[in-house]
$ cat query-v8.cif   # mmCIF, N, CA and C atoms
data_target
#
loop_
_atom_site.label_atom_id
_atom_site.label_comp_id
_atom_site.auth_asym_id
_atom_site.auth_seq_id
_atom_site.Cartn_x
_atom_site.Cartn_y
_atom_site.Cartn_z
N MET K 1 -4.49 17.17 30.80
CA MET K 1 -3.10 16.94 30.49
C MET K 1 -2.30 17.21 31.76
N THR K 2 -1.51 16.28 32.18
CA THR K 2 -0.69 16.44 33.37
C THR K 2 0.75 16.12 33.01
N GLN K 3 1.66 16.97 33.48
CA GLN K 3 3.08 16.78 33.21
C GLN K 3 3.85 17.15 34.46
N PHE K 4 4.64 16.25 34.96
CA PHE K 4 5.51 16.53 36.08
C PHE K 4 6.93 16.50 35.55
N GLY K 5 7.67 17.55 35.79
CA GLY K 5 9.04 17.61 35.32
C GLY K 5 9.19 18.54 34.13
N PHE K 6 10.35 18.48 33.53
CA PHE K 6 10.72 19.37 32.43
C PHE K 6 9.87 19.09 31.18
N VAL K 7 9.41 20.14 30.54
CA VAL K 7 8.69 20.02 29.27
C VAL K 7 9.59 20.61 28.20
N PRO K 8 10.01 19.80 27.23
CA PRO K 8 10.89 20.33 26.18
C PRO K 8 10.17 21.41 25.36
N ASP K 9 10.95 22.32 24.82
CA ASP K 9 10.44 23.47 24.09
C ASP K 9 9.43 23.08 23.01
N GLU K 10 9.73 22.06 22.25
CA GLU K 10 8.85 21.65 21.15
C GLU K 10 7.53 21.04 21.63
N ALA K 11 7.43 20.73 22.91
CA ALA K 11 6.21 20.12 23.45
C ALA K 11 5.34 21.10 24.23
N ILE K 12 5.74 22.35 24.29
CA ILE K 12 5.03 23.34 25.11
C ILE K 12 3.73 23.82 24.46
N HIS K 13 3.72 24.01 23.15
CA HIS K 13 2.58 24.64 22.48
C HIS K 13 1.22 23.99 22.81
N PRO K 14 1.11 22.67 22.87
CA PRO K 14 -0.21 22.08 23.20
C PRO K 14 -0.76 22.53 24.56
N TYR K 15 0.11 22.81 25.51
CA TYR K 15 -0.35 23.28 26.82
C TYR K 15 -1.03 24.64 26.69
N PHE K 16 -0.48 25.49 25.85
CA PHE K 16 -1.09 26.80 25.62
C PHE K 16 -2.40 26.65 24.85
N GLN K 17 -2.44 25.74 23.90
CA GLN K 17 -3.65 25.53 23.09
C GLN K 17 -4.85 25.11 23.94
N ILE K 18 -4.64 24.29 24.95
CA ILE K 18 -5.77 23.79 25.74
C ILE K 18 -6.12 24.70 26.92
N SER K 19 -5.33 25.76 27.10
CA SER K 19 -5.58 26.69 28.22
C SER K 19 -6.74 27.62 27.92
N ASP K 20 -7.41 28.06 28.96
CA ASP K 20 -8.42 29.11 28.83
C ASP K 20 -7.79 30.47 29.04
N VAL K 21 -6.84 30.53 29.94
CA VAL K 21 -6.12 31.76 30.26
C VAL K 21 -4.71 31.36 30.72
N VAL K 22 -3.74 32.22 30.43
CA VAL K 22 -2.36 31.94 30.81
C VAL K 22 -1.95 32.93 31.91
N LEU K 23 -1.51 32.38 33.02
CA LEU K 23 -1.11 33.21 34.16
C LEU K 23 0.35 33.63 34.03
N VAL K 24 0.59 34.94 34.19
CA VAL K 24 1.94 35.50 34.14
C VAL K 24 2.11 36.45 35.33
N PRO K 25 2.01 35.92 36.56
CA PRO K 25 2.00 36.78 37.74
C PRO K 25 3.39 37.09 38.33
N TYR K 26 4.35 37.39 37.46
CA TYR K 26 5.68 37.73 37.97
C TYR K 26 5.57 38.98 38.85
N GLN K 27 6.18 38.90 40.02
CA GLN K 27 6.14 40.05 40.93
C GLN K 27 7.41 40.87 40.78
N ARG K 28 7.23 42.13 40.43
CA ARG K 28 8.32 43.11 40.30
C ARG K 28 9.35 42.71 39.26
N HIS K 29 8.95 41.94 38.25
CA HIS K 29 9.83 41.54 37.16
C HIS K 29 9.88 42.66 36.15
N ILE K 30 11.05 43.10 35.78
CA ILE K 30 11.19 44.25 34.89
C ILE K 30 11.14 43.83 33.43
N GLY K 31 11.67 42.66 33.10
CA GLY K 31 11.87 42.27 31.71
C GLY K 31 10.68 41.63 31.03
N MET K 32 10.97 40.99 29.93
CA MET K 32 10.00 40.34 29.05
C MET K 32 9.93 38.86 29.40
N SER K 33 8.89 38.19 28.94
CA SER K 33 8.76 36.75 29.13
C SER K 33 8.23 36.12 27.85
N ALA K 34 8.83 35.01 27.46
CA ALA K 34 8.37 34.29 26.28
C ALA K 34 6.96 33.76 26.46
N ILE K 35 6.50 33.68 27.70
CA ILE K 35 5.14 33.21 27.96
C ILE K 35 4.14 34.12 27.27
N LEU K 36 4.39 35.42 27.25
CA LEU K 36 3.48 36.35 26.55
C LEU K 36 3.40 36.02 25.07
N VAL K 37 4.54 35.74 24.46
CA VAL K 37 4.58 35.43 23.03
C VAL K 37 3.87 34.10 22.76
N ARG K 38 4.13 33.12 23.58
CA ARG K 38 3.49 31.80 23.40
C ARG K 38 1.98 31.90 23.57
N ALA K 39 1.52 32.65 24.55
CA ALA K 39 0.08 32.82 24.76
C ALA K 39 -0.54 33.55 23.57
N ALA K 40 0.12 34.60 23.10
CA ALA K 40 -0.40 35.35 21.95
C ALA K 40 -0.45 34.47 20.70
N ALA K 41 0.58 33.66 20.49
CA ALA K 41 0.60 32.77 19.32
C ALA K 41 -0.53 31.75 19.38
N ALA K 42 -0.90 31.33 20.59
CA ALA K 42 -2.00 30.38 20.76
C ALA K 42 -3.36 31.08 20.85
N GLN K 43 -3.33 32.44 20.76
CA GLN K 43 -4.55 33.25 20.84
C GLN K 43 -5.26 33.05 22.18
N LYS K 44 -4.46 32.99 23.26
CA LYS K 44 -5.00 32.84 24.61
C LYS K 44 -4.76 34.12 25.40
N PRO K 45 -5.74 34.58 26.16
CA PRO K 45 -5.55 35.77 26.97
C PRO K 45 -4.64 35.47 28.16
N VAL K 46 -3.97 36.53 28.63
CA VAL K 46 -3.10 36.38 29.80
C VAL K 46 -3.66 37.16 30.98
N LEU K 47 -3.33 36.69 32.14
CA LEU K 47 -3.54 37.41 33.39
C LEU K 47 -2.13 37.70 33.87
N ALA K 48 -1.70 38.96 33.70
CA ALA K 48 -0.30 39.30 33.90
C ALA K 48 -0.11 40.37 34.96
N SER K 49 1.11 40.44 35.43
CA SER K 49 1.51 41.51 36.35
C SER K 49 1.38 42.85 35.63
N ASP K 50 0.98 43.87 36.37
CA ASP K 50 0.87 45.20 35.79
C ASP K 50 2.21 45.94 35.80
N PHE K 51 3.26 45.29 36.22
CA PHE K 51 4.56 45.91 36.43
C PHE K 51 5.50 45.65 35.26
N GLY K 52 6.38 46.57 34.97
CA GLY K 52 7.47 46.38 34.02
C GLY K 52 7.02 46.16 32.58
N VAL K 53 7.90 45.52 31.82
CA VAL K 53 7.67 45.29 30.40
C VAL K 53 6.47 44.37 30.19
N ILE K 54 6.31 43.38 31.04
CA ILE K 54 5.17 42.46 30.89
C ILE K 54 3.86 43.22 30.98
N GLY K 55 3.73 44.08 31.98
CA GLY K 55 2.52 44.88 32.11
C GLY K 55 2.30 45.80 30.93
N GLU K 56 3.37 46.47 30.50
CA GLU K 56 3.29 47.40 29.37
C GLU K 56 2.86 46.68 28.09
N LEU K 57 3.49 45.55 27.79
CA LEU K 57 3.16 44.82 26.56
C LEU K 57 1.74 44.24 26.61
N THR K 58 1.34 43.78 27.77
CA THR K 58 -0.01 43.24 27.92
C THR K 58 -1.04 44.32 27.65
N ARG K 59 -0.79 45.52 28.15
CA ARG K 59 -1.72 46.64 27.90
C ARG K 59 -1.64 47.12 26.44
N ARG K 60 -0.44 47.33 25.94
CA ARG K 60 -0.26 47.89 24.60
C ARG K 60 -0.86 47.00 23.52
N TYR K 61 -0.64 45.69 23.64
CA TYR K 61 -1.14 44.76 22.62
C TYR K 61 -2.46 44.10 23.02
N GLN K 62 -3.05 44.56 24.11
CA GLN K 62 -4.32 44.05 24.59
C GLN K 62 -4.30 42.51 24.66
N LEU K 63 -3.29 42.00 25.38
CA LEU K 63 -3.10 40.56 25.49
C LEU K 63 -3.96 39.93 26.58
N GLY K 64 -4.56 40.75 27.43
CA GLY K 64 -5.38 40.24 28.52
C GLY K 64 -5.51 41.27 29.62
N LEU K 65 -5.54 40.81 30.85
CA LEU K 65 -5.70 41.68 32.00
C LEU K 65 -4.39 41.81 32.77
N THR K 66 -4.20 42.98 33.38
CA THR K 66 -3.05 43.17 34.25
C THR K 66 -3.54 43.45 35.67
N VAL K 67 -2.78 42.96 36.64
CA VAL K 67 -3.11 43.14 38.05
C VAL K 67 -1.83 43.35 38.85
N ASP K 68 -2.00 43.83 40.06
CA ASP K 68 -0.89 43.87 41.00
C ASP K 68 -0.65 42.41 41.42
N ALA K 69 0.43 41.84 40.92
CA ALA K 69 0.68 40.41 41.14
C ALA K 69 0.98 40.06 42.59
N SER K 70 1.20 41.05 43.42
CA SER K 70 1.42 40.76 44.84
C SER K 70 0.10 40.75 45.62
N SER K 71 -1.01 41.03 44.93
CA SER K 71 -2.32 41.07 45.59
C SER K 71 -3.16 39.86 45.20
N SER K 72 -3.32 38.94 46.13
CA SER K 72 -4.14 37.75 45.84
C SER K 72 -5.58 38.15 45.56
N GLU K 73 -6.03 39.25 46.16
CA GLU K 73 -7.40 39.72 45.93
C GLU K 73 -7.58 40.17 44.47
N GLU K 74 -6.61 40.92 43.93
CA GLU K 74 -6.70 41.36 42.53
C GLU K 74 -6.62 40.18 41.57
N ILE K 75 -5.76 39.23 41.88
CA ILE K 75 -5.64 38.05 41.02
C ILE K 75 -6.97 37.29 41.03
N GLY K 76 -7.57 37.12 42.21
CA GLY K 76 -8.85 36.43 42.32
C GLY K 76 -9.96 37.14 41.56
N GLN K 77 -10.02 38.47 41.66
CA GLN K 77 -11.04 39.23 40.93
C GLN K 77 -10.86 39.10 39.42
N ALA K 78 -9.61 39.14 38.97
CA ALA K 78 -9.35 38.98 37.54
C ALA K 78 -9.72 37.58 37.06
N MET K 79 -9.44 36.57 37.88
CA MET K 79 -9.82 35.20 37.52
C MET K 79 -11.34 35.09 37.39
N MET K 80 -12.05 35.76 38.27
CA MET K 80 -13.52 35.76 38.18
C MET K 80 -13.98 36.40 36.87
N ARG K 81 -13.31 37.47 36.45
CA ARG K 81 -13.66 38.09 35.17
C ARG K 81 -13.47 37.10 34.02
N PHE K 82 -12.39 36.33 34.06
CA PHE K 82 -12.16 35.34 33.01
C PHE K 82 -13.23 34.25 33.03
N LEU K 83 -13.71 33.92 34.22
CA LEU K 83 -14.76 32.90 34.33
C LEU K 83 -16.13 33.42 33.89
N LEU K 84 -16.40 34.68 34.15
CA LEU K 84 -17.73 35.23 33.90
C LEU K 84 -17.88 35.95 32.56
N GLU K 85 -16.79 36.37 31.97
CA GLU K 85 -16.86 37.10 30.71
C GLU K 85 -16.30 36.25 29.57
N ILE K 86 -16.58 36.65 28.38
CA ILE K 86 -16.06 35.95 27.20
C ILE K 86 -14.58 36.31 27.06
N PRO K 87 -13.69 35.31 27.13
CA PRO K 87 -12.25 35.62 27.09
C PRO K 87 -11.84 36.48 25.89
N GLY K 88 -12.47 36.27 24.74
CA GLY K 88 -12.14 37.06 23.55
C GLY K 88 -12.41 38.54 23.71
N GLU K 89 -13.26 38.88 24.67
CA GLU K 89 -13.54 40.29 24.93
C GLU K 89 -12.52 40.92 25.88
N LEU K 90 -11.69 40.09 26.47
CA LEU K 90 -10.67 40.58 27.40
C LEU K 90 -9.31 40.74 26.73
N CYS K 91 -9.25 40.43 25.44
CA CYS K 91 -8.01 40.59 24.69
C CYS K 91 -8.37 40.90 23.24
N ASN K 92 -7.38 41.24 22.45
CA ASN K 92 -7.59 41.60 21.06
C ASN K 92 -6.84 40.60 20.17
N PRO K 93 -7.56 39.67 19.53
CA PRO K 93 -6.89 38.64 18.72
C PRO K 93 -6.02 39.19 17.60
N VAL K 94 -6.39 40.30 17.01
CA VAL K 94 -5.58 40.89 15.93
C VAL K 94 -4.25 41.38 16.48
N LYS K 95 -4.31 42.07 17.62
CA LYS K 95 -3.07 42.56 18.24
C LYS K 95 -2.24 41.41 18.81
N GLN K 96 -2.90 40.36 19.30
CA GLN K 96 -2.16 39.18 19.76
C GLN K 96 -1.32 38.61 18.62
N LYS K 97 -1.95 38.48 17.46
CA LYS K 97 -1.24 37.92 16.29
C LYS K 97 -0.08 38.83 15.88
N GLN K 98 -0.30 40.13 15.85
CA GLN K 98 0.78 41.07 15.52
C GLN K 98 1.94 40.92 16.49
N PHE K 99 1.61 40.84 17.77
CA PHE K 99 2.63 40.69 18.80
C PHE K 99 3.41 39.38 18.62
N ALA K 100 2.69 38.29 18.41
CA ALA K 100 3.34 36.99 18.23
C ALA K 100 4.22 36.98 16.98
N ASP K 101 3.71 37.52 15.88
CA ASP K 101 4.47 37.55 14.63
C ASP K 101 5.72 38.41 14.74
N HIS K 102 5.62 39.49 15.47
CA HIS K 102 6.75 40.42 15.63
C HIS K 102 7.81 39.87 16.58
N ASN K 103 7.46 38.93 17.42
CA ASN K 103 8.38 38.44 18.45
C ASN K 103 8.80 36.99 18.27
N THR K 104 8.91 36.54 17.05
CA THR K 104 9.43 35.19 16.80
C THR K 104 10.93 35.17 17.02
N ALA K 105 11.49 34.01 17.22
CA ALA K 105 12.94 33.88 17.37
C ALA K 105 13.65 34.39 16.11
N GLN K 106 13.08 34.12 14.96
CA GLN K 106 13.67 34.56 13.69
C GLN K 106 13.69 36.09 13.61
N GLN K 107 12.60 36.74 14.01
CA GLN K 107 12.54 38.20 14.01
C GLN K 107 13.58 38.78 14.97
N PHE K 108 13.70 38.17 16.13
CA PHE K 108 14.65 38.63 17.14
C PHE K 108 16.08 38.55 16.59
N ALA K 109 16.44 37.40 16.04
CA ALA K 109 17.78 37.22 15.47
C ALA K 109 18.01 38.18 14.31
N SER K 110 17.01 38.35 13.48
CA SER K 110 17.13 39.26 12.34
C SER K 110 17.42 40.68 12.80
N GLN K 111 16.73 41.14 13.83
CA GLN K 111 16.95 42.49 14.34
C GLN K 111 18.35 42.65 14.92
N ILE K 112 18.83 41.64 15.60
CA ILE K 112 20.18 41.70 16.16
C ILE K 112 21.21 41.80 15.04
N PHE K 113 21.10 40.92 14.03
CA PHE K 113 22.08 40.94 12.95
C PHE K 113 21.96 42.21 12.11
N GLN K 114 20.76 42.71 11.95
CA GLN K 114 20.58 43.96 11.23
C GLN K 114 21.29 45.10 11.97
N ALA K 115 21.16 45.13 13.27
CA ALA K 115 21.83 46.17 14.06
C ALA K 115 23.35 46.01 14.02
N LEU K 116 23.82 44.78 14.00
CA LEU K 116 25.27 44.55 13.94
C LEU K 116 25.85 44.97 12.60
N TYR K 117 25.14 44.67 11.53
CA TYR K 117 25.65 44.98 10.20
C TYR K 117 25.35 46.40 9.75
N ASN K 118 24.36 47.04 10.35
CA ASN K 118 23.96 48.40 9.96
C ASN K 118 23.74 49.25 11.20
N PRO K 119 24.81 49.56 11.94
CA PRO K 119 24.61 50.35 13.15
C PRO K 119 24.17 51.77 12.79
N PRO K 120 23.49 52.43 13.70
CA PRO K 120 23.07 53.81 13.44
C PRO K 120 24.27 54.70 13.15
N ALA K 121 24.13 55.63 12.24
CA ALA K 121 25.22 56.53 11.87
C ALA K 121 25.67 57.39 13.05
N SER K 122 24.77 57.62 13.99
CA SER K 122 25.11 58.47 15.13
C SER K 122 26.18 57.87 16.03
N ARG K 123 26.42 56.58 15.90
CA ARG K 123 27.46 55.95 16.73
C ARG K 123 28.85 56.34 16.24
N GLY K 124 28.94 56.77 14.98
CA GLY K 124 30.23 57.17 14.44
C GLY K 124 31.16 56.00 14.19
N SER K 125 30.62 54.80 14.01
CA SER K 125 31.47 53.65 13.74
C SER K 125 30.96 52.92 12.52
N ARG K 126 31.84 52.14 11.94
CA ARG K 126 31.45 51.33 10.78
C ARG K 126 30.79 50.04 11.25
N SER K 127 30.14 49.37 10.35
CA SER K 127 29.49 48.11 10.70
C SER K 127 30.53 47.06 11.05
N LEU K 128 30.13 46.06 11.79
CA LEU K 128 31.04 44.96 12.14
C LEU K 128 31.51 44.24 10.90
N ASN K 129 30.66 44.16 9.90
CA ASN K 129 31.02 43.47 8.67
C ASN K 129 32.23 44.17 8.04
N SER K 130 32.21 45.49 7.93
CA SER K 130 33.33 46.20 7.34
C SER K 130 34.54 46.15 8.25
N GLN K 131 34.36 46.16 9.55
CA GLN K 131 35.49 46.07 10.48
C GLN K 131 36.18 44.72 10.33
N ALA K 132 35.42 43.66 10.19
CA ALA K 132 36.01 42.33 10.07
C ALA K 132 36.84 42.22 8.81
N VAL K 133 36.41 42.85 7.73
CA VAL K 133 37.13 42.79 6.47
C VAL K 133 38.31 43.75 6.47
N ASP K 134 38.10 44.96 7.00
CA ASP K 134 39.11 46.01 6.93
C ASP K 134 40.14 45.96 8.06
N SER K 135 39.88 45.22 9.11
CA SER K 135 40.75 45.23 10.27
C SER K 135 41.30 43.84 10.56
N PRO K 136 42.42 43.50 9.95
CA PRO K 136 42.96 42.15 10.15
C PRO K 136 43.39 41.90 11.59
N GLN K 137 43.55 42.96 12.42
CA GLN K 137 43.98 42.74 13.79
C GLN K 137 42.89 42.14 14.67
N LEU K 138 41.62 42.11 14.20
CA LEU K 138 40.55 41.48 14.98
C LEU K 138 40.79 39.98 15.06
N SER K 139 40.54 39.42 16.22
CA SER K 139 40.70 37.98 16.37
C SER K 139 39.58 37.26 15.64
N ASN K 140 39.78 36.02 15.33
CA ASN K 140 38.76 35.22 14.64
C ASN K 140 37.46 35.16 15.43
N SER K 141 37.56 35.22 16.76
CA SER K 141 36.34 35.12 17.57
C SER K 141 35.47 36.37 17.44
N ARG K 142 36.00 37.46 16.94
CA ARG K 142 35.21 38.68 16.81
C ARG K 142 34.73 38.89 15.39
N ARG K 143 35.18 38.10 14.45
CA ARG K 143 34.74 38.25 13.07
C ARG K 143 33.42 37.53 12.86
N LEU K 144 32.60 38.10 12.01
CA LEU K 144 31.31 37.47 11.69
C LEU K 144 31.36 36.80 10.35
#
$ encode --input "query-v8.cif" --output "structure tokens"
Amino acid sequence: MTQFGFVPDEAIHPYFQISDVVLVPYQRHIGMSAILVRAAAAQKPVLASDFGVIGELTRRYQLGLTVDASSSEEIGQAMMRFLLEIPGELCNPVKQKQFADHNTAQQFASQIFQALYNPPASRGSRSLNSQAVDSPQLSNSRRL
């Protein structure tokens, strides 16, 4: 399969399905990447940076191998492991599924709205839902 140019979101999944391993070699990236979720949903192992959230999630959910992404030698050694070992032994399919199920767009949106409507009591504020009803001075753009 060869694709040059933009791949629309709905057309991405087949690329993950036909992969043997998914490379996630972000260097010094602190945040998360949807590539981890897509690989886990396709039950494909990742070769990821050992740094930041990507490294932590890859280790915690046993999504694949982590390496120092700035080291071509480490990346090469990890690629050899994927070639010589059974990929299923380099990741945990049960944890991959848990990770993918927990990180759907619907789950993400649900958590955001749950936090907006039910903020922790320690904040000392009411939910946005009650503020929108009880506070007519809020502009329409701030009401939910």
$ resolve_selection --input "query-v8.cif" --expression "the PyMOL selection byres (((chain K and resi 95 and name CA) around 9) and name CA)" --output "ChimeraX atom specification"
/K:40,60-63,91-94,96-100
$ closest_residue --input "query-v8.cif" --among "K:His29, K:His13, K:Lys44, K:Arg59" --to "Phe82 (chain K)" --atoms "only C-alpha atoms"
K:Lys44
$ atom_distance --input "query-v8.cif" --atom1 "CA of Ala78 (chain K)" --atom2 "CA of Val24 (chain K)"
12.3 Å
$ atom_distance --input "query-v8.cif" --atom1 "atom N of Leu90 (chain K)" --atom2 "atom N of Ala105 (chain K)"
25.7 Å
$ resolve_selection --input "query-v8.cif" --expression "the PyMOL selection byres ((chain K and resi 68-73) around 7)" --output "list in words"
Pro25, Tyr26, Gln27, Arg28, Ala48, Ser49, Asp50, Phe51, Thr66, Val67, Glu74, Ile75, Gly76, Gln77 and Ala78 of chain K
$ atom_distance --input "query-v8.cif" --atom1 "CA of Ser19 (chain K)" --atom2 "CA of Gly52 (chain K)"
24.3 Å
$ select_by_dssp --input "query-v8.cif" --residues "chain K" --states "strand (DSSP E or B)" --output "tab-separated table (two decimals) with N, CA and C atoms, keeping the file's coordinate frame"
chain	number	residue	atom	x	y	z
K	22	VAL	N	-3.74	32.22	30.43
K	22	VAL	CA	-2.36	31.94	30.81
K	22	VAL	C	-1.95	32.93	31.91
K	23	LEU	N	-1.51	32.38	33.02
K	23	LEU	CA	-1.11	33.21	34.16
K	23	LEU	C	0.35	33.63	34.03
K	24	VAL	N	0.59	34.94	34.19
K	24	VAL	CA	1.94	35.50	34.14
K	24	VAL	C	2.11	36.45	35.33
K	46	VAL	N	-3.97	36.53	28.63
K	46	VAL	CA	-3.10	36.38	29.80
K	46	VAL	C	-3.66	37.16	30.98
K	47	LEU	N	-3.33	36.69	32.14
K	47	LEU	CA	-3.54	37.41	33.39
K	47	LEU	C	-2.13	37.70	33.87
K	48	ALA	N	-1.70	38.96	33.70
K	48	ALA	CA	-0.30	39.30	33.90
K	48	ALA	C	-0.11	40.37	34.96
K	49	SER	N	1.11	40.44	35.43
K	49	SER	CA	1.51	41.51	36.35
K	49	SER	C	1.38	42.85	35.63
K	64	GLY	N	-4.56	40.75	27.43
K	64	GLY	CA	-5.38	40.24	28.52
K	64	GLY	C	-5.51	41.27	29.62
K	65	LEU	N	-5.54	40.81	30.85
K	65	LEU	CA	-5.70	41.68	32.00
K	65	LEU	C	-4.39	41.81	32.77
K	66	THR	N	-4.20	42.98	33.38
K	66	THR	CA	-3.05	43.17	34.25
K	66	THR	C	-3.54	43.45	35.67
K	67	VAL	N	-2.78	42.96	36.64
K	67	VAL	CA	-3.11	43.14	38.05
K	67	VAL	C	-1.83	43.35	38.85
$ axis_aligned_box --input "query-v8.cif" --around "region 90-108 of chain K" --padding-each-side "6 Å" --output "AutoDock Vina command-line options"
--center_x 2.2 --center_y 38.2 --center_z 20.5 --size_x 39.8 --size_y 20.7 --size_z 25.8
$ closest_residue --input "query-v8.cif" --among "K:Phe16, K:Tyr117, K:Phe6, K:Phe108" --to "Ala41 (chain K)" --atoms "all atoms listed in the file"
K:Phe16
$ resolve_selection --input "query-v8.cif" --expression "the PyMOL selection byres ((chain K and resi 20) around 8)" --output "ChimeraX atom specification"
/K:15-19,21-23,43-46,82,87
$ select_by_dssp --input "query-v8.cif" --residues "region 4-95 of chain K" --states "helix (DSSP H, G or I)" --output "PyMOL selection string"
chain K and resi 9-11+13-17+34-41+52-60+72-84+87-89+93-95
$ build_atoms --input "query-v8.cif" --residues "region 88-95 of chain K" --atoms "all heavy atoms" --output "compact mmCIF listing (two decimals), in the coordinates of the input"
# COMPACT_ATOMS: atom_id res chain seq x y z
N GLY K 88 -12.47 36.27 24.74
CA GLY K 88 -12.14 37.06 23.55
C GLY K 88 -12.41 38.54 23.71
O GLY K 88 -11.86 39.36 22.99
N GLU K 89 -13.26 38.88 24.67
CA GLU K 89 -13.54 40.29 24.93
C GLU K 89 -12.52 40.92 25.88
O GLU K 89 -12.51 42.13 26.06
CB GLU K 89 -14.96 40.45 25.51
CG GLU K 89 -16.04 40.08 24.51
CD GLU K 89 -17.44 40.18 25.08
OE1 GLU K 89 -17.60 40.57 26.25
OE2 GLU K 89 -18.38 39.85 24.34
N LEU K 90 -11.69 40.09 26.47
CA LEU K 90 -10.67 40.58 27.40
C LEU K 90 -9.31 40.74 26.73
O LEU K 90 -8.33 41.09 27.39
CB LEU K 90 -10.57 39.65 28.61
CG LEU K 90 -11.86 39.53 29.43
CD1 LEU K 90 -11.71 38.48 30.51
CD2 LEU K 90 -12.25 40.87 30.04
N CYS K 91 -9.25 40.43 25.44
CA CYS K 91 -8.01 40.59 24.69
C CYS K 91 -8.37 40.90 23.24
O CYS K 91 -9.54 40.81 22.85
CB CYS K 91 -7.13 39.35 24.79
SG CYS K 91 -7.90 37.84 24.18
N ASN K 92 -7.38 41.24 22.45
CA ASN K 92 -7.59 41.60 21.06
C ASN K 92 -6.84 40.60 20.17
O ASN K 92 -5.62 40.68 20.06
CB ASN K 92 -7.08 43.02 20.82
CG ASN K 92 -7.32 43.52 19.42
OD1 ASN K 92 -7.28 42.76 18.46
ND2 ASN K 92 -7.56 44.82 19.30
N PRO K 93 -7.56 39.67 19.53
CA PRO K 93 -6.89 38.64 18.72
C PRO K 93 -6.02 39.19 17.60
O PRO K 93 -4.97 38.61 17.29
CB PRO K 93 -8.05 37.82 18.15
CG PRO K 93 -9.18 38.05 19.10
CD PRO K 93 -9.00 39.46 19.61
N VAL K 94 -6.39 40.30 17.01
CA VAL K 94 -5.58 40.89 15.93
C VAL K 94 -4.25 41.38 16.48
O VAL K 94 -3.19 41.12 15.91
CB VAL K 94 -6.35 42.04 15.22
CG1 VAL K 94 -5.46 42.77 14.24
CG2 VAL K 94 -7.59 41.50 14.53
N LYS K 95 -4.31 42.07 17.62
CA LYS K 95 -3.07 42.56 18.24
C LYS K 95 -2.24 41.41 18.81
O LYS K 95 -1.01 41.48 18.81
CB LYS K 95 -3.38 43.60 19.30
CG LYS K 95 -3.83 44.93 18.71
CD LYS K 95 -3.86 46.00 19.76
CE LYS K 95 -4.11 47.34 19.12
NZ LYS K 95 -3.93 48.44 20.07
